[in-house]
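Visitor: Have a look at the structure that comes next, please.
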Amino acid sequence: MSAELKHLITIEETPLEICQSLLKTAQNTLKKGYHRYPRLNDLKKLTVVNAFFEDSTRTRVSFELAAMRLGGQVINLPVAQSAMNKGETIKDTIATIAAMGCQLFVIRHREDRILEQLSHQIDSPVSFINAGSGRYAHPSQALLDLLTITQHKKNLSDLSIAIIGDIKHSRVVSSQLALYKKFGIKDIRLIAPKTWIPEQLSDHYSITDNLDKGIEGCDVINTLRIQKERILESEQMDLAWYRQHFQLNHDHLSHAKPDAIILHPGPMNRDIEIASVVADGPQSRIQNQVTNGVAIRMAILSFLAKHYV
Ligand code: NCD
């Protein structure tokens with residue numbers, strides 16, 4: 001891999017060649033079963049810090065497992081009991097931990113551009129990996145989604161992908177759109193209530209608030225969680241109405257191709273954005289996404305680790 005990259009903050013700033021290489025490494029990891037138990041040494045002399053300032057289950061645990069599978073050490077920063085409660089800034093907290101000999105910082109935060117800021121403010125030789133920032137970006141999620149798609153679908157440029165739900169508040173969608181564009185996927189349909197479609201997307205994507213029409217003949221259906229924590233009082237959605245018009249259930253699913261696969265980044269609001277029978281049904285690849293998440297995060301950590309050997 002020729003291109004240099006010190007941080008993984010957005011898909012936009014990650015060259016196609018690196019995205020391709022990360023997917024390839026992750027595929028190889030899965031094929032060899034390296035994601036299942038610690039056998040590799042790529043992170044042998046390195047320490048990964050998980051600093052999650054927002055809740056997480058799968059992203060945090062999969063970064064932790066990924067680091068352990070690569071022979072690294074892991075610190076899970078106990079954010080709620082940290083000196084930030086005494087007024088320390090995030091910059092000082094991260095710089096303090098970096099000074100103890102930690103190299104790879106996996107950060108989730110409610111602010112969109114926090115990782116860019118930290119990468120400019122902190123002098124120590126460290127790498128920042130975005131584990132979800134505001135509504136702005138979630139690059140490792142987009143990569144694991146594309147990995148899951150490539151396991152089931154051959155010709156990416158011919159695919160039709162439908163993304164359903166809370167597009168406005170989701171950080172997953174912006175990274176997915178950037179990645180799908182890089183890989184030449186053109187038919188992307190955004191399906192949501194009108195108020196949940198950001199205006200700037202209208203010129204570039206096919207947009208509808210009709211679920212059946214949107215998923216007609218598509219190959220991949222990506223449902224999104226309703227981001228309750230980011231929805232303002234003024235834009236509250238009537239959940240019963242949402243469920244009636246936008247929940248992915250069996251009837252709606254019948255409009256997609258018979259071999260369409262279903263993705264959801266998790267955590268799911270079961271029987272709100274997706275019916276349980278569909279989430280647990282034969283077309284669902286939600287659990288595969290979770291497994292693929294460990295492999296993709298191993299690929300990311302191992303790629304960035306090359307700066308420290
Ligand atoms: C996403 C997140 O937390 O940003 N989930 C995840 O990382 N697996 C999406 C979400 O919360 O809806």
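Identifiers in this document derive from the order of the structure tokens: chains are assigned A, B, ..., residues are numbered from 1 separately in each chain, and ligands are numbered from 1 in order of occurrence.
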Give the strand (DSSP E) residues of region 50-287 of chain A, as assigned by DSSP on the backbone, as a ChimeraX atom specification.

Guide: /A:50-52,73-76,104-109,127-133,160-164,187-191,206-208,220-223,261-263

Visitor: When DSSP works through the backbone of this structure, what residues of region 143-215 of chain A end up as alpha helix (DSSP H), shown as a ChimeraX atom specification?

Guide: /A:143-152,171-182,211-215

Visitor: Identify, on the basis of only C-alpha atoms, every residue whose closest approach to region 296-305 of chain A does not exceed 8 Å; exclude the query and any residue fewer than 2 positions from it along the same chain; express the result as a ChimeraX atom specification.

Guide: /A:5-8,22-23,25-26,35,42-43,46,62-63,66-67,69-70,104,127,140,143-144,292-294,307-309

Visitor: Next, dump the selected residues to file, keeping only N, CA, C and O atoms, as a CSV table (one decimal), in the first residue's frame.

Guide:
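Below is the file part.csv, written as the result:
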chain,number,residue,atom,x,y,z
A,5,LEU,N,-1.2,7.5,5.4
A,5,LEU,CA,-2.4,8.1,6.1
A,5,LEU,C,-2.1,7.9,7.6
A,5,LEU,O,-1.9,6.8,8.0
A,6,LYS,N,-2.1,9.0,8.3
A,6,LYS,CA,-1.7,8.9,9.7
A,6,LYS,C,-3.0,8.7,10.6
A,6,LYS,O,-2.9,8.0,11.7
A,7,HIS,N,-4.1,9.2,10.2
A,7,HIS,CA,-5.3,9.1,11.0
A,7,HIS,C,-6.4,8.5,10.1
A,7,HIS,O,-6.4,8.6,8.8
A,8,LEU,N,-7.5,8.0,10.7
A,8,LEU,CA,-8.6,7.6,9.9
A,8,LEU,C,-9.8,8.4,10.5
A,8,LEU,O,-10.4,8.0,11.4
A,22,LEU,N,-7.9,-2.0,2.9
A,22,LEU,CA,-8.5,-2.3,4.2
A,22,LEU,C,-9.5,-3.4,4.0
A,22,LEU,O,-9.6,-4.4,4.8
A,23,LEU,N,-10.3,-3.3,2.9
A,23,LEU,CA,-11.3,-4.4,2.7
A,23,LEU,C,-10.6,-5.7,2.4
A,23,LEU,O,-11.1,-6.7,2.9
A,25,THR,N,-7.6,-6.7,3.3
A,25,THR,CA,-7.0,-7.2,4.6
A,25,THR,C,-8.1,-7.9,5.4
A,25,THR,O,-7.9,-8.9,6.0
A,26,ALA,N,-9.2,-7.2,5.5
A,26,ALA,CA,-10.3,-7.7,6.4
A,26,ALA,C,-10.8,-9.0,5.8
A,26,ALA,O,-11.1,-10.0,6.6
A,35,HIS,N,-9.7,-13.2,13.2
A,35,HIS,CA,-10.6,-12.3,14.0
A,35,HIS,C,-11.1,-13.1,15.2
A,35,HIS,O,-11.7,-12.5,16.1
A,42,ASP,N,0.8,-7.6,15.0
A,42,ASP,CA,1.0,-6.2,14.4
A,42,ASP,C,1.0,-5.1,15.4
A,42,ASP,O,1.6,-4.1,15.2
A,43,LEU,N,0.3,-5.3,16.5
A,43,LEU,CA,0.2,-4.2,17.5
A,43,LEU,C,1.0,-4.6,18.8
A,43,LEU,O,0.8,-4.0,19.9
A,46,LEU,N,2.3,-1.8,20.9
A,46,LEU,CA,1.5,-0.6,20.8
A,46,LEU,C,0.3,-0.7,21.8
A,46,LEU,O,-0.1,-1.8,22.2
A,62,SER,N,-15.7,-4.0,19.5
A,62,SER,CA,-15.0,-4.6,18.3
A,62,SER,C,-13.6,-3.9,18.1
A,62,SER,O,-12.7,-4.6,17.7
A,63,PHE,N,-13.5,-2.6,18.5
A,63,PHE,CA,-12.1,-2.0,18.4
A,63,PHE,C,-11.3,-2.7,19.5
A,63,PHE,O,-10.1,-2.9,19.3
A,66,ALA,N,-10.4,-6.1,18.3
A,66,ALA,CA,-9.5,-6.0,17.2
A,66,ALA,C,-8.0,-5.8,17.7
A,66,ALA,O,-7.1,-6.4,17.2
A,67,ALA,N,-7.9,-4.9,18.6
A,67,ALA,CA,-6.6,-4.6,19.2
A,67,ALA,C,-6.0,-5.8,19.9
A,67,ALA,O,-4.8,-6.2,19.7
A,69,ARG,N,-6.8,-9.0,19.3
A,69,ARG,CA,-6.5,-10.0,18.3
A,69,ARG,C,-5.1,-9.8,17.5
A,69,ARG,O,-4.5,-10.6,17.0
A,70,LEU,N,-4.7,-8.5,17.6
A,70,LEU,CA,-3.4,-8.1,16.9
A,70,LEU,C,-2.3,-8.0,17.9
A,70,LEU,O,-1.2,-7.4,17.6
A,104,LEU,N,-2.5,4.7,19.5
A,104,LEU,CA,-3.7,4.7,18.7
A,104,LEU,C,-4.9,5.1,19.5
A,104,LEU,O,-5.3,4.4,20.5
A,127,SER,N,-2.1,8.4,16.4
A,127,SER,CA,-3.1,8.4,15.4
A,127,SER,C,-4.5,8.4,16.0
A,127,SER,O,-4.7,7.8,17.0
A,140,SER,N,-15.5,3.6,10.0
A,140,SER,CA,-15.3,2.1,10.1
A,140,SER,C,-16.6,1.4,9.9
A,140,SER,O,-16.7,0.3,9.4
A,143,LEU,N,-17.1,1.1,6.1
A,143,LEU,CA,-16.2,0.1,5.5
A,143,LEU,C,-16.7,-1.3,5.8
A,143,LEU,O,-16.7,-2.2,5.0
A,144,LEU,N,-17.2,-1.5,7.1
A,144,LEU,CA,-17.7,-2.9,7.4
A,144,LEU,C,-19.0,-3.1,6.6
A,144,LEU,O,-19.3,-4.3,6.2
A,292,ASN,N,-18.0,-8.8,10.7
A,292,ASN,CA,-17.1,-8.0,9.8
A,292,ASN,C,-16.5,-6.8,10.5
A,292,ASN,O,-15.4,-6.4,10.1
A,293,GLY,N,-17.2,-6.2,11.5
A,293,GLY,CA,-16.7,-5.1,12.2
A,293,GLY,C,-15.3,-5.3,12.9
A,293,GLY,O,-14.4,-4.5,12.9
A,294,VAL,N,-15.2,-6.5,13.4
A,294,VAL,CA,-13.9,-6.8,14.1
A,294,VAL,C,-12.8,-6.9,13.0
A,294,VAL,O,-11.7,-6.3,13.2
A,307,HIS,N,3.0,3.2,11.3
A,307,HIS,CA,3.7,4.4,11.6
A,307,HIS,C,4.6,4.3,12.8
A,307,HIS,O,5.4,5.2,13.1
A,308,TYR,N,4.4,3.2,13.6
A,308,TYR,CA,5.1,3.2,14.9
A,308,TYR,C,6.1,2.1,15.0
A,308,TYR,O,6.5,1.7,16.1
A,309,VAL,N,6.5,1.4,13.9
A,309,VAL,CA,7.4,0.3,14.0
A,309,VAL,C,8.8,0.8,13.5
A,309,VAL,O,8.9,1.7,12.7

Visitor: Show me which residues sit within 8 Å of ligand 1 when counting only C-alpha atoms and all ligand atoms, and put them as a ChimeraX atom specification.

Guide: /A:55-59,131-133,138,141,170-172,224-227,265-268

Visitor: Emit the selected residues as a compact mmCIF listing (two decimals), in the first residue's frame, including N, CA, C and O atoms.

Guide:
# COMPACT_ATOMS: atom_id res chain seq x y z
N ASP A 55 -22.33 6.72 24.12
CA ASP A 55 -22.57 5.29 24.37
C ASP A 55 -22.20 4.44 23.15
O ASP A 55 -22.31 4.89 22.01
N SER A 56 -21.82 3.22 23.43
CA SER A 56 -21.50 2.29 22.36
C SER A 56 -21.43 0.87 22.92
O SER A 56 -21.01 0.68 24.05
N THR A 57 -21.86 -0.09 22.13
CA THR A 57 -21.61 -1.50 22.48
C THR A 57 -20.68 -2.09 21.43
O THR A 57 -19.50 -2.35 21.68
N ARG A 58 -21.21 -2.24 20.19
CA ARG A 58 -20.45 -3.02 19.19
C ARG A 58 -19.18 -2.32 18.70
O ARG A 58 -18.16 -2.97 18.48
N THR A 59 -19.25 -0.99 18.54
CA THR A 59 -18.05 -0.32 18.00
C THR A 59 -16.91 -0.38 19.02
O THR A 59 -15.78 -0.72 18.68
N ALA A 131 -14.46 6.80 15.67
CA ALA A 131 -15.42 5.73 15.97
C ALA A 131 -16.84 6.29 16.01
O ALA A 131 -17.73 5.71 16.63
N GLY A 132 -17.03 7.43 15.32
CA GLY A 132 -18.36 8.08 15.27
C GLY A 132 -18.28 9.46 15.85
O GLY A 132 -18.06 9.61 17.05
N SER A 133 -18.41 10.49 14.98
CA SER A 133 -18.37 11.86 15.49
C SER A 133 -19.64 12.60 15.06
O SER A 133 -19.94 12.68 13.87
N HIS A 138 -18.65 8.24 10.33
CA HIS A 138 -18.44 6.95 11.02
C HIS A 138 -17.77 6.00 10.01
O HIS A 138 -18.39 5.06 9.52
N GLN A 141 -17.74 2.07 10.21
CA GLN A 141 -19.05 1.47 9.96
C GLN A 141 -19.29 1.34 8.45
O GLN A 141 -19.74 0.30 7.96
N SER A 170 -28.08 10.91 11.01
CA SER A 170 -27.18 9.75 11.04
C SER A 170 -25.76 10.11 10.59
O SER A 170 -25.56 10.73 9.56
N ARG A 171 -24.78 9.65 11.36
CA ARG A 171 -23.39 9.85 10.93
C ARG A 171 -22.93 8.70 10.04
O ARG A 171 -21.90 8.77 9.40
N VAL A 172 -23.74 7.62 10.06
CA VAL A 172 -23.37 6.47 9.24
C VAL A 172 -23.57 6.80 7.76
O VAL A 172 -22.72 6.50 6.92
N LEU A 224 -31.93 2.38 9.10
CA LEU A 224 -31.17 3.20 10.06
C LEU A 224 -31.94 3.32 11.37
O LEU A 224 -33.18 3.34 11.37
N ARG A 225 -31.21 3.47 12.44
CA ARG A 225 -31.84 3.72 13.74
C ARG A 225 -32.37 5.16 13.80
O ARG A 225 -31.70 6.08 13.32
N ILE A 226 -33.53 5.31 14.40
CA ILE A 226 -34.02 6.66 14.68
C ILE A 226 -33.16 7.21 15.81
O ILE A 226 -33.07 6.62 16.88
N GLN A 227 -32.47 8.32 15.53
CA GLN A 227 -31.47 8.86 16.46
C GLN A 227 -32.14 9.75 17.52
O GLN A 227 -32.00 10.98 17.47
N PRO A 265 -26.93 -0.76 11.05
CA PRO A 265 -25.68 -0.61 11.81
C PRO A 265 -25.80 -1.03 13.27
O PRO A 265 -24.79 -1.27 13.93
N GLY A 266 -27.06 -1.13 13.77
CA GLY A 266 -27.27 -1.39 15.18
C GLY A 266 -26.85 -0.18 16.00
O GLY A 266 -26.06 0.63 15.53
N PRO A 267 -27.38 0.00 17.17
CA PRO A 267 -28.41 -0.83 17.79
C PRO A 267 -29.77 -0.62 17.12
O PRO A 267 -30.04 0.48 16.66
N MET A 268 -30.58 -1.67 17.09
CA MET A 268 -31.89 -1.56 16.42
C MET A 268 -32.97 -1.13 17.39
O MET A 268 -32.96 -1.56 18.55

Visitor: Could you check the closest approach to Arg108 (chain A) for each of A:Asp238, A:Glu54, A:Glu273, A:Asp280 and tell me which residue wins, using only C-alpha atoms?

Guide: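 For Arg108 (chain A), the nearest of the given residues is A:Glu54.
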
Visitor: Restricting the calculation to only C-alpha atoms: of A:Lys213, A:Arg60, A:Lys306, A:Arg230, which residue gets closest to Arg110 (chain A)?

Guide: A:Arg230

Visitor: Please provide as a PyMOL selection string all residues within 8 Å of Arg189 (chain A), with the sequence filter that same-chain residues fewer than 4 positions apart are discarded (counting only C-alpha atoms).

Guide: chain A and resi 160-163+205-208+214-215

Visitor: I'd like the neighbourhood of Ala260 (chain A) as a list of chain:residue names, where a residue qualifies if any of its atoms comes within 8 Å (using only C-alpha atoms), though same-chain residues fewer than 3 positions away should be ignored.

Guide: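 In the requested form, the answer reads A:Cys218, A:Asp219, A:Val220, A:Ile221, A:Ala256, A:Lys257, A:Gln283.
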
Visitor: Go ahead and save the residues from that selection, with N, CA and C atoms, as a PDB file, in the first residue's frame.

Guide:
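again20.pdb, freshly written:
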ATOM      1  N   CYS A 218     -34.350  -3.275  -5.607  1.00  0.00           N
ATOM      2  CA  CYS A 218     -32.985  -2.988  -5.126  1.00  0.00           C
ATOM      3  C   CYS A 218     -32.295  -4.242  -4.563  1.00  0.00           C
ATOM      4  N   ASP A 219     -30.959  -4.161  -4.478  1.00  0.00           N
ATOM      5  CA  ASP A 219     -30.129  -5.307  -4.068  1.00  0.00           C
ATOM      6  C   ASP A 219     -29.748  -5.266  -2.591  1.00  0.00           C
ATOM      7  N   VAL A 220     -29.664  -4.050  -2.061  1.00  0.00           N
ATOM      8  CA  VAL A 220     -29.232  -3.877  -0.666  1.00  0.00           C
ATOM      9  C   VAL A 220     -30.189  -2.892  -0.007  1.00  0.00           C
ATOM     10  N   ILE A 221     -30.660  -3.252   1.189  1.00  0.00           N
ATOM     11  CA  ILE A 221     -31.532  -2.325   1.926  1.00  0.00           C
ATOM     12  C   ILE A 221     -30.863  -2.039   3.259  1.00  0.00           C
ATOM     13  N   ALA A 256     -38.352  -5.451  -3.093  1.00  0.00           N
ATOM     14  CA  ALA A 256     -36.918  -5.513  -3.442  1.00  0.00           C
ATOM     15  C   ALA A 256     -36.656  -6.793  -4.240  1.00  0.00           C
ATOM     16  N   LYS A 257     -35.431  -6.951  -4.740  1.00  0.00           N
ATOM     17  CA  LYS A 257     -35.094  -8.208  -5.429  1.00  0.00           C
ATOM     18  C   LYS A 257     -35.210  -9.357  -4.419  1.00  0.00           C
ATOM     19  N   GLN A 283     -32.885 -12.926   4.947  1.00  0.00           N
ATOM     20  CA  GLN A 283     -32.158 -11.929   4.129  1.00  0.00           C
ATOM     21  C   GLN A 283     -31.323 -10.977   4.987  1.00  0.00           C
TER      22      GLN A 283
END

Visitor: For the atom pair CA of His252 (chain A) and CA of Lys168 (chain A), what is the interatomic distance in Å to one decimal place?

Guide: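 Distance between the two atoms: 22.1 Å.
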
Visitor: Quick one: contact table of region 197-223 of chain A to region 242-248 of chain A, 8 Å max, nearest atom pair and distance in Å to one decimal per residue, counting only C-alpha atoms, chain and number order, as a tab-separated table?

Guide:
residue	atom	partner	partner_atom	distance
A:Asn210	CA	A:His245	CA	7.8
A:Leu211	CA	A:Phe246	CA	6.2
A:Thr223	CA	A:Leu248	CA	7.6
